[in-house]
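Just entry_23.txt here, compact mmCIF, C-alpha atoms and all ligand atoms:
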# COMPACT_ATOMS: atom_id res chain seq x y z
CA MET A 1 2.67 -21.62 6.95
CA SER A 2 5.57 -20.64 4.71
CA LYS A 3 8.07 -23.33 3.65
CA ALA A 4 10.40 -20.69 2.30
CA ASN A 5 14.16 -21.21 2.29
CA LYS A 6 14.86 -17.47 2.67
CA ASP A 7 13.51 -14.81 5.02
CA ASN A 8 12.09 -12.32 2.50
CA ILE A 9 8.66 -10.74 2.82
CA ILE A 10 6.83 -10.43 -0.48
CA LEU A 11 3.88 -8.06 -0.81
CA ILE A 12 1.16 -8.78 -3.36
CA GLY A 13 -2.20 -7.16 -4.08
CA MET A 14 -4.13 -4.86 -6.36
CA PRO A 15 -2.47 -1.76 -7.81
CA GLY A 16 -2.79 1.03 -5.26
CA CYS A 17 -3.20 -1.30 -2.26
CA GLY A 18 0.08 0.05 -0.85
CA LYS A 19 2.72 -2.59 -1.63
CA SER A 20 5.35 0.07 -2.39
CA THR A 21 4.38 2.65 0.25
CA VAL A 22 3.84 0.08 3.02
CA GLY A 23 6.80 -2.02 1.87
CA VAL A 24 9.46 0.64 2.25
CA VAL A 25 8.27 1.54 5.78
CA LEU A 26 8.04 -2.13 6.77
CA ALA A 27 11.61 -2.68 5.53
CA LYS A 28 12.87 0.30 7.50
CA HIS A 29 11.18 -0.88 10.71
CA MET A 30 12.54 -4.41 10.34
CA GLY A 31 16.04 -3.45 9.23
CA TYR A 32 15.46 -5.23 5.92
CA ARG A 33 16.40 -4.19 2.39
CA PHE A 34 13.61 -2.88 0.19
CA ILE A 35 13.17 -4.08 -3.38
CA ASP A 36 10.42 -2.90 -5.72
CA SER A 37 10.13 -5.36 -8.59
CA ASP A 38 8.48 -2.71 -10.78
CA LEU A 39 11.72 -0.73 -10.55
CA LEU A 40 13.76 -3.85 -11.42
CA ILE A 41 11.63 -4.20 -14.58
CA GLN A 42 12.16 -0.55 -15.50
CA GLU A 43 15.92 -0.82 -14.90
CA ARG A 44 16.21 -3.96 -17.03
CA GLU A 45 14.13 -2.51 -19.83
CA HIS A 46 15.40 1.09 -19.61
CA ARG A 47 11.78 2.20 -20.02
CA LEU A 48 8.78 3.08 -17.90
CA LEU A 49 6.23 0.34 -17.23
CA SER A 50 3.63 2.32 -19.21
CA GLU A 51 6.06 2.51 -22.17
CA ILE A 52 6.74 -1.24 -22.08
CA ILE A 53 3.00 -1.95 -22.10
CA GLU A 54 2.39 0.54 -24.90
CA GLN A 55 5.32 -0.63 -27.05
CA GLU A 56 5.27 -4.40 -26.43
CA GLY A 57 1.68 -5.15 -25.47
CA LEU A 58 0.32 -6.77 -22.34
CA ASP A 59 1.30 -10.36 -23.10
CA ARG A 60 4.96 -9.43 -23.50
CA PHE A 61 4.78 -7.19 -20.43
CA ASP A 62 3.44 -10.10 -18.39
CA GLN A 63 6.32 -12.29 -19.67
CA ILE A 64 8.92 -9.67 -18.76
CA GLU A 65 7.35 -9.27 -15.32
CA GLU A 66 7.42 -13.03 -14.81
CA GLU A 67 11.08 -13.31 -15.87
CA VAL A 68 12.19 -10.47 -13.62
CA ASN A 69 10.30 -11.70 -10.56
CA ALA A 70 11.35 -15.31 -11.11
CA SER A 71 15.00 -14.28 -11.03
CA ILE A 72 15.07 -12.14 -7.89
CA GLU A 73 17.88 -13.29 -5.60
CA ALA A 74 17.50 -11.71 -2.20
CA GLU A 75 17.63 -12.33 1.52
CA HIS A 76 16.38 -10.22 4.39
CA ALA A 77 14.34 -8.06 2.01
CA VAL A 78 10.84 -6.71 1.69
CA ILE A 79 9.84 -7.13 -1.95
CA ALA A 80 6.98 -5.01 -3.31
CA THR A 81 5.71 -6.64 -6.49
CA GLY A 82 3.56 -5.22 -9.27
CA GLY A 83 -0.17 -5.93 -9.07
CA SER A 84 -0.04 -8.19 -12.13
CA VAL A 85 2.74 -10.47 -10.82
CA VAL A 86 0.13 -13.16 -10.03
CA TYR A 87 -0.34 -13.78 -13.77
CA GLY A 88 3.09 -15.44 -13.77
CA PRO A 89 3.02 -18.89 -12.13
CA LYS A 90 6.82 -19.34 -12.33
CA ALA A 91 7.36 -16.01 -10.62
CA MET A 92 4.88 -16.87 -7.89
CA GLU A 93 6.44 -20.27 -7.28
CA HIS A 94 9.85 -18.63 -6.94
CA LEU A 95 8.58 -15.86 -4.65
CA ARG A 96 6.82 -18.38 -2.40
CA ASN A 97 10.11 -20.29 -2.18
CA ILE A 98 12.18 -17.32 -1.10
CA GLY A 99 9.88 -15.86 1.51
CA THR A 100 6.48 -15.26 3.03
CA VAL A 101 3.93 -13.91 0.59
CA VAL A 102 1.66 -11.30 2.17
CA TYR A 103 -1.51 -10.18 0.40
CA LEU A 104 -2.63 -6.64 1.25
CA LYS A 105 -6.38 -6.90 0.87
CA LEU A 106 -8.57 -3.87 0.16
CA SER A 107 -12.16 -3.67 -1.03
CA TYR A 108 -12.96 -2.80 -4.63
CA GLU A 109 -14.36 0.55 -3.45
CA GLU A 110 -11.15 1.60 -1.68
CA ILE A 111 -8.98 0.51 -4.61
CA ALA A 112 -11.19 2.46 -7.02
CA ASP A 113 -10.92 5.54 -4.77
CA ARG A 114 -7.14 5.34 -4.68
CA LEU A 115 -6.47 4.69 -8.36
CA GLY A 116 -6.59 7.43 -10.93
CA ASP A 117 -6.21 6.81 -14.63
CA LEU A 118 -5.35 3.11 -15.02
CA THR A 119 -3.64 3.56 -18.37
CA ALA A 120 -1.42 6.41 -17.18
CA ARG A 121 -0.46 4.27 -14.18
CA GLY A 122 0.46 1.41 -16.51
CA VAL A 123 -1.94 -1.14 -15.04
CA SER A 124 -2.14 -4.41 -16.93
CA VAL A 125 -5.76 -4.04 -18.02
CA ARG A 126 -7.12 -5.39 -21.30
CA GLU A 127 -9.31 -3.46 -23.72
CA GLY A 128 -12.91 -3.38 -22.53
CA GLN A 129 -11.94 -4.65 -19.07
CA THR A 130 -13.17 -2.53 -16.18
CA LEU A 131 -11.47 -2.13 -12.82
CA ARG A 132 -14.27 -4.25 -11.37
CA ASP A 133 -13.48 -7.06 -13.88
CA LEU A 134 -9.81 -6.82 -13.00
CA TYR A 135 -10.55 -6.95 -9.27
CA ASP A 136 -12.80 -10.01 -9.64
CA GLU A 137 -10.26 -11.78 -11.85
CA ARG A 138 -7.32 -11.16 -9.54
CA ILE A 139 -8.69 -11.66 -6.04
CA PRO A 140 -8.73 -15.49 -6.34
CA LEU A 141 -5.11 -15.37 -7.55
CA TYR A 142 -3.91 -13.20 -4.65
CA GLU A 143 -5.71 -15.52 -2.25
CA LYS A 144 -4.25 -18.61 -3.90
CA TYR A 145 -0.65 -17.45 -3.64
CA ALA A 146 -0.73 -15.71 -0.24
CA HIS A 147 0.72 -17.29 2.87
CA VAL A 148 -0.82 -14.46 4.88
CA VAL A 149 -3.78 -12.15 4.14
CA ILE A 150 -3.80 -8.70 5.77
CA ASP A 151 -6.96 -6.62 5.87
CA ALA A 152 -5.67 -3.14 5.01
CA GLU A 153 -9.10 -1.54 4.66
CA HIS A 154 -9.31 1.92 6.28
CA GLN A 155 -5.98 1.44 8.02
CA TRP A 156 -3.29 4.04 8.53
CA LEU A 157 -0.05 3.00 6.87
CA ARG A 158 1.65 2.62 10.29
CA ASP A 159 -1.13 0.30 11.48
CA THR A 160 -0.84 -1.90 8.40
CA VAL A 161 2.90 -2.16 9.05
CA LYS A 162 2.23 -3.09 12.69
CA VAL A 163 -0.34 -5.75 11.78
CA ILE A 164 1.98 -7.32 9.18
CA ARG A 165 4.78 -7.55 11.77
CA GLN A 166 2.45 -9.10 14.35
CA ARG A 167 1.16 -11.69 11.88
CA LEU A 168 4.68 -12.59 10.77
CA GLU A 169 5.80 -13.05 14.37
CA GLN A 170 2.94 -15.52 14.90
CA LEU A 171 4.10 -17.77 12.02
N1 LIG B 201 -3.32 3.69 4.58
C1 LIG B 201 -2.63 3.71 3.44
N2 LIG B 201 -1.63 2.83 3.25
C2 LIG B 201 -0.95 2.83 2.08
N3 LIG B 201 -1.19 3.67 1.04
C3 LIG B 201 -2.16 4.57 1.19
C4 LIG B 201 -2.94 4.62 2.36
N4 LIG B 201 -3.86 5.59 2.20
C5 LIG B 201 -3.67 6.11 1.00
N5 LIG B 201 -2.65 5.53 0.38
C6 LIG B 201 -2.23 5.86 -0.96
O1 LIG B 201 -2.49 4.75 -1.79
C7 LIG B 201 -1.48 4.66 -2.79
C8 LIG B 201 -0.77 3.33 -2.68
O2 LIG B 201 0.07 3.25 -3.81
P1 LIG B 201 1.28 2.26 -3.99
O3 LIG B 201 2.05 2.79 -5.16
O4 LIG B 201 2.00 2.04 -2.70
O5 LIG B 201 0.51 0.93 -4.37
P2 LIG B 201 1.09 -0.38 -4.98
O6 LIG B 201 0.35 -1.46 -4.30
O7 LIG B 201 2.57 -0.38 -4.90
O8 LIG B 201 0.60 -0.29 -6.50
P3 LIG B 201 1.26 -0.86 -7.86
O9 LIG B 201 0.80 -2.29 -8.01
O10 LIG B 201 0.70 0.00 -8.92
O11 LIG B 201 2.75 -0.76 -7.74
C9 LIG B 201 -0.52 5.83 -2.56
O12 LIG B 201 -0.92 6.90 -3.38
C10 LIG B 201 -0.72 6.14 -1.10
O13 LIG B 201 -0.43 7.48 -0.77
O1 LIG B 202 -1.53 -4.20 -11.42
C1 LIG B 202 -1.00 -4.04 -12.54
O2 LIG B 202 -1.54 -4.44 -13.57
C2 LIG B 202 0.29 -3.37 -12.63
C3 LIG B 202 0.79 -2.74 -11.53
C4 LIG B 202 2.09 -2.07 -11.52
O3 LIG B 202 2.68 -2.21 -10.27
C5 LIG B 202 3.00 -2.60 -12.60
O4 LIG B 202 3.53 -3.85 -12.29
C6 LIG B 202 2.34 -2.66 -13.91
O5 LIG B 202 2.19 -1.35 -14.29
C7 LIG B 202 1.04 -3.47 -13.88
MG MG B 203 4.11 -0.48 -6.30

Can you present the structure in this file as C-alpha cells?
Amino acid sequence: MSKANKDNIILIGMPGCGKSTVGVVLAKHMGYRFIDSDLLIQEREHRLLSEIIEQEGLDRFDQIEEEVNASIEAEHAVIATGGSVVYGPKAMEHLRNIGTVVYLKLSYEEIADRLGDLTARGVSVREGQTLRDLYDERIPLYEKYAHVVIDAEHQWLRDTVKVIRQRLEQL
C-alpha cells in the first residue's frame, strides 16, 4: 500500500515496456497531467539523452537522472520515468513519497523484441553488458521499489491502461 502524500502515478520498468506510451493514455483517461522525466532531463540539459550519455558518461547520466527525478514537484500527474531511474535511491524515495509506483512488467523476450539498437536509444548499458544482464540486474530493483506490479505481457495498450486503473482503485 502506498503511503504517498500526493496522488501521482509513477511508471517504472525496462526500456520499451511502455511507460511513455501507456502513461500518456492513462493520463488522458484519468484527467491527469502527463510528465515524462526523460523529457525533463533533455530540457534541463538542452541535449538528447544519447548525447548526455555519450558526452558525460553513464555515471554522470545516472546522477543527472537522479537529480531531475528527485526534484519533480507534481500532483495529479502520471509520471513516466526512464528505465534507469531505479539506479538512483534518492529519486526512488522521492517518487514513492509523491505517489504510487507502478512497475510495468514484461518478459525478457518481449523487451528484446521491442527494443532496437540500445545505444541509439540511449539505454544506460555498460560496455560488455548484454540486454539479458541488464534485465537480470534491474528486475529486483523494479520489484523493490514498486507499490504495484502490472503484468503487461502480450497486452494491448488499452488493456494495460484498464488493468492499471483497476489495480489503483483497489488500493
Ligand atoms: N501493448 C503495448 N503497450 C505499449 N507499448 C507497446 C505495446 N506493443 C508494442 N509497443 C511498443 O513498445 C514501445 C514502448 O516504448 P516506450 O517508449 O513507451 O517505452 P518506455 O518504457 O517509455 O521506454 P524508455 O525507458 O526507453 O523511455 C513502443 O514502440 C510501442 O509502440
Ligand atoms: O533504461 C535506460 O537505461 C534508459 C531509458 C531511457 O528512458 C532513458 O532514461 C535513458 O536513455 C536510459
Ligand atoms: Mg519512455

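Distances from A:Arg126, A:Arg121, A:Arg60, A:Arg165 to ligand MG 203 (chain B) were compared using only C-alpha atoms and all ligand atoms, and the smallest one belongs to A:Arg121.
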
Give me the residues within 10 Å of His29 of chain A as an mmCIF file with C-alpha atoms, keeping the file's coordinate frame, counting all atoms listed in the file and dropping any in the same chain fewer than 6 places off.
data_model
loop_
_atom_site.group_PDB
_atom_site.id
_atom_site.type_symbol
_atom_site.label_atom_id
_atom_site.label_comp_id
_atom_site.auth_asym_id
_atom_site.auth_seq_id
_atom_site.Cartn_x
_atom_site.Cartn_y
_atom_site.Cartn_z
ATOM 1 C CA GLY A 23 6.800 -2.020 1.870
ATOM 2 C CA VAL A 161 2.900 -2.160 9.050
ATOM 3 C CA LYS A 162 2.230 -3.090 12.690
ATOM 4 C CA ARG A 165 4.780 -7.550 11.770
#

message: Neighbours of ligand MG 203 (chain B) at 7 Å or closer, counting all atoms listed in the file: which residues, as an NGL selection string?
response: :A and (15 or 18-20 or 36 or 38 or 80-82)

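Omitting Gln155 of chain A and its sequence neighbours fewer than 4 positions away, and counting all atoms listed in the file, the residues within 12 Å are Cys17, Gly18, Val22, Leu104, Lys105, Leu106, Glu110, Ile150, Asp151, Asp159, Thr160, Val161, Lys162, Val163 and Ile164 of chain A.
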
message: Let me make sure I understand: among A:Val101, A:Ser124, A:Gly83, A:Leu157, which one has the smallest atom-to-atom distance to Asp59 of chain A if we use only C-alpha atoms?
response: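 Answer, going by the shortest atom-to-atom distance: A:Ser124.
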
- line: With distances taken over all atoms listed in the file, the candidate from A:Met14, A:Arg158, A:Val86, A:Leu171 nearest Leu131 of chain A is A:Met14

12 Å contact set for Leu168 of chain A, only C-alpha atoms, chain neighbours under 4 positions out, as a list in words: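 Neighbouring residues, sequence-local ones excluded: Met1, Ser2, Asp7, Asn8, Ile9, Ile10, Leu26, Met30, Gly99, Thr100, Val101, Val102, His147, Val148, Val149, Ile150, Val161, Lys162, Val163 and Ile164 of chain A.
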
If I wrap all listed atoms of ligand LIG 202 (chain B) in a box with edges along x, y and z and add 8 Å on each side, what are its centre and edge lengths in Å to one decimal, as AutoDock Vina command-line options?
--center_x 1.0 --center_y -2.9 --center_z -12.3 --size_x 21.1 --size_y 19.1 --size_z 20.0

message: I'd like the interatomic distance between atom CA of Tyr145 of chain A and atom C8 of ligand LIG 201 (chain B), to a tenth of an Å.
response: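 One can read the atom CA of Tyr145 of chain A to atom C8 of ligand LIG 201 (chain B) distance as 20.8 Å.
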
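Considering only C-alpha atoms and all ligand atoms, the residue among A:Glu75, A:Asp62, A:Glu45, A:Glu56 positioned nearest to ligand LIG 202 (chain B) is A:Asp62.
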
Gap from atom C7 of ligand LIG 201 (chain B) to atom CA of Ser37 of chain A - Å, one decimal: 16.4 Å

statement: As a check of understanding: the span from atom CA of Pro89 of chain A to atom C9 of ligand LIG 201 (chain B) is 26.7 Å

Would you mind completing segment 29-64 of chain A so that it carries N, CA and C atoms, and writing it out as a tab-separated table (two decimals), in the coordinates of the input?
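The resulting file, out_11.tsv, is reproduced below:
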chain	number	residue	atom	x	y	z
A	29	HIS	N	11.45	-0.45	9.33
A	29	HIS	CA	11.18	-0.88	10.71
A	29	HIS	C	11.86	-2.19	11.04
A	30	MET	N	11.98	-3.08	10.06
A	30	MET	CA	12.54	-4.41	10.34
A	30	MET	C	14.04	-4.48	10.10
A	31	GLY	N	14.61	-3.41	9.57
A	31	GLY	CA	16.04	-3.45	9.23
A	31	GLY	C	16.31	-4.32	8.03
A	32	TYR	N	15.32	-4.44	7.13
A	32	TYR	CA	15.46	-5.23	5.92
A	32	TYR	C	15.82	-4.32	4.74
A	33	ARG	N	16.27	-4.93	3.66
A	33	ARG	CA	16.40	-4.19	2.39
A	33	ARG	C	15.02	-4.00	1.81
A	34	PHE	N	14.87	-3.03	0.91
A	34	PHE	CA	13.61	-2.88	0.19
A	34	PHE	C	13.86	-3.03	-1.30
A	35	ILE	N	13.07	-3.88	-1.93
A	35	ILE	CA	13.17	-4.08	-3.38
A	35	ILE	C	11.79	-3.87	-3.97
A	36	ASP	N	11.70	-3.07	-5.03
A	36	ASP	CA	10.42	-2.90	-5.72
A	36	ASP	C	10.57	-3.54	-7.10
A	37	SER	N	9.87	-4.64	-7.34
A	37	SER	CA	10.13	-5.36	-8.59
A	37	SER	C	9.71	-4.56	-9.82
A	38	ASP	N	8.79	-3.59	-9.65
A	38	ASP	CA	8.48	-2.71	-10.78
A	38	ASP	C	9.72	-1.91	-11.20
A	39	LEU	N	10.51	-1.50	-10.22
A	39	LEU	CA	11.72	-0.73	-10.55
A	39	LEU	C	12.77	-1.64	-11.19
A	40	LEU	N	12.82	-2.91	-10.77
A	40	LEU	CA	13.76	-3.85	-11.42
A	40	LEU	C	13.39	-4.00	-12.90
A	41	ILE	N	12.08	-4.07	-13.18
A	41	ILE	CA	11.63	-4.20	-14.58
A	41	ILE	C	12.04	-2.95	-15.36
A	42	GLN	N	11.81	-1.79	-14.79
A	42	GLN	CA	12.16	-0.55	-15.50
A	42	GLN	C	13.66	-0.44	-15.74
A	43	GLU	N	14.45	-0.87	-14.73
A	43	GLU	CA	15.92	-0.82	-14.90
A	43	GLU	C	16.36	-1.77	-16.01
A	44	ARG	N	15.81	-2.98	-16.01
A	44	ARG	CA	16.21	-3.96	-17.03
A	44	ARG	C	15.83	-3.49	-18.42
A	45	GLU	N	14.67	-2.89	-18.52
A	45	GLU	CA	14.13	-2.51	-19.83
A	45	GLU	C	14.50	-1.10	-20.26
A	46	HIS	N	15.07	-0.32	-19.34
A	46	HIS	CA	15.40	1.09	-19.61
A	46	HIS	C	14.19	1.87	-20.11
A	47	ARG	N	13.02	1.52	-19.62
A	47	ARG	CA	11.78	2.20	-20.02
A	47	ARG	C	10.83	2.20	-18.84
A	48	LEU	N	9.84	3.09	-18.92
A	48	LEU	CA	8.78	3.08	-17.90
A	48	LEU	C	7.86	1.89	-18.14
A	49	LEU	N	7.18	1.45	-17.09
A	49	LEU	CA	6.23	0.34	-17.23
A	49	LEU	C	5.18	0.67	-18.29
A	50	SER	N	4.68	1.92	-18.25
A	50	SER	CA	3.63	2.32	-19.21
A	50	SER	C	4.16	2.27	-20.65
A	51	GLU	N	5.45	2.57	-20.81
A	51	GLU	CA	6.06	2.51	-22.17
A	51	GLU	C	6.21	1.06	-22.63
A	52	ILE	N	6.59	0.18	-21.70
A	52	ILE	CA	6.74	-1.24	-22.08
A	52	ILE	C	5.37	-1.77	-22.54
A	53	ILE	N	4.34	-1.45	-21.75
A	53	ILE	CA	3.00	-1.95	-22.10
A	53	ILE	C	2.55	-1.38	-23.45
A	54	GLU	N	2.82	-0.10	-23.65
A	54	GLU	CA	2.39	0.54	-24.90
A	54	GLU	C	3.17	-0.02	-26.10
A	55	GLN	N	4.47	-0.23	-25.92
A	55	GLN	CA	5.32	-0.63	-27.05
A	55	GLN	C	5.30	-2.14	-27.31
A	56	GLU	N	5.15	-2.93	-26.27
A	56	GLU	CA	5.27	-4.40	-26.43
A	56	GLU	C	3.93	-5.13	-26.31
A	57	GLY	N	2.95	-4.47	-25.71
A	57	GLY	CA	1.68	-5.15	-25.47
A	57	GLY	C	1.67	-5.86	-24.12
A	58	LEU	N	0.47	-6.21	-23.68
A	58	LEU	CA	0.32	-6.77	-22.34
A	58	LEU	C	0.91	-8.16	-22.18
A	59	ASP	N	0.79	-9.00	-23.24
A	59	ASP	CA	1.30	-10.36	-23.10
A	59	ASP	C	2.80	-10.35	-22.87
A	60	ARG	N	3.50	-9.52	-23.66
A	60	ARG	CA	4.96	-9.43	-23.50
A	60	ARG	C	5.31	-8.80	-22.14
A	61	PHE	N	4.53	-7.79	-21.74
A	61	PHE	CA	4.78	-7.19	-20.43
A	61	PHE	C	4.68	-8.25	-19.34
A	62	ASP	N	3.62	-9.05	-19.42
A	62	ASP	CA	3.44	-10.10	-18.39
A	62	ASP	C	4.62	-11.07	-18.38
A	63	GLN	N	5.14	-11.39	-19.58
A	63	GLN	CA	6.32	-12.29	-19.67
A	63	GLN	C	7.54	-11.66	-19.01
A	64	ILE	N	7.76	-10.38	-19.33
A	64	ILE	CA	8.92	-9.67	-18.76
A	64	ILE	C	8.79	-9.64	-17.23
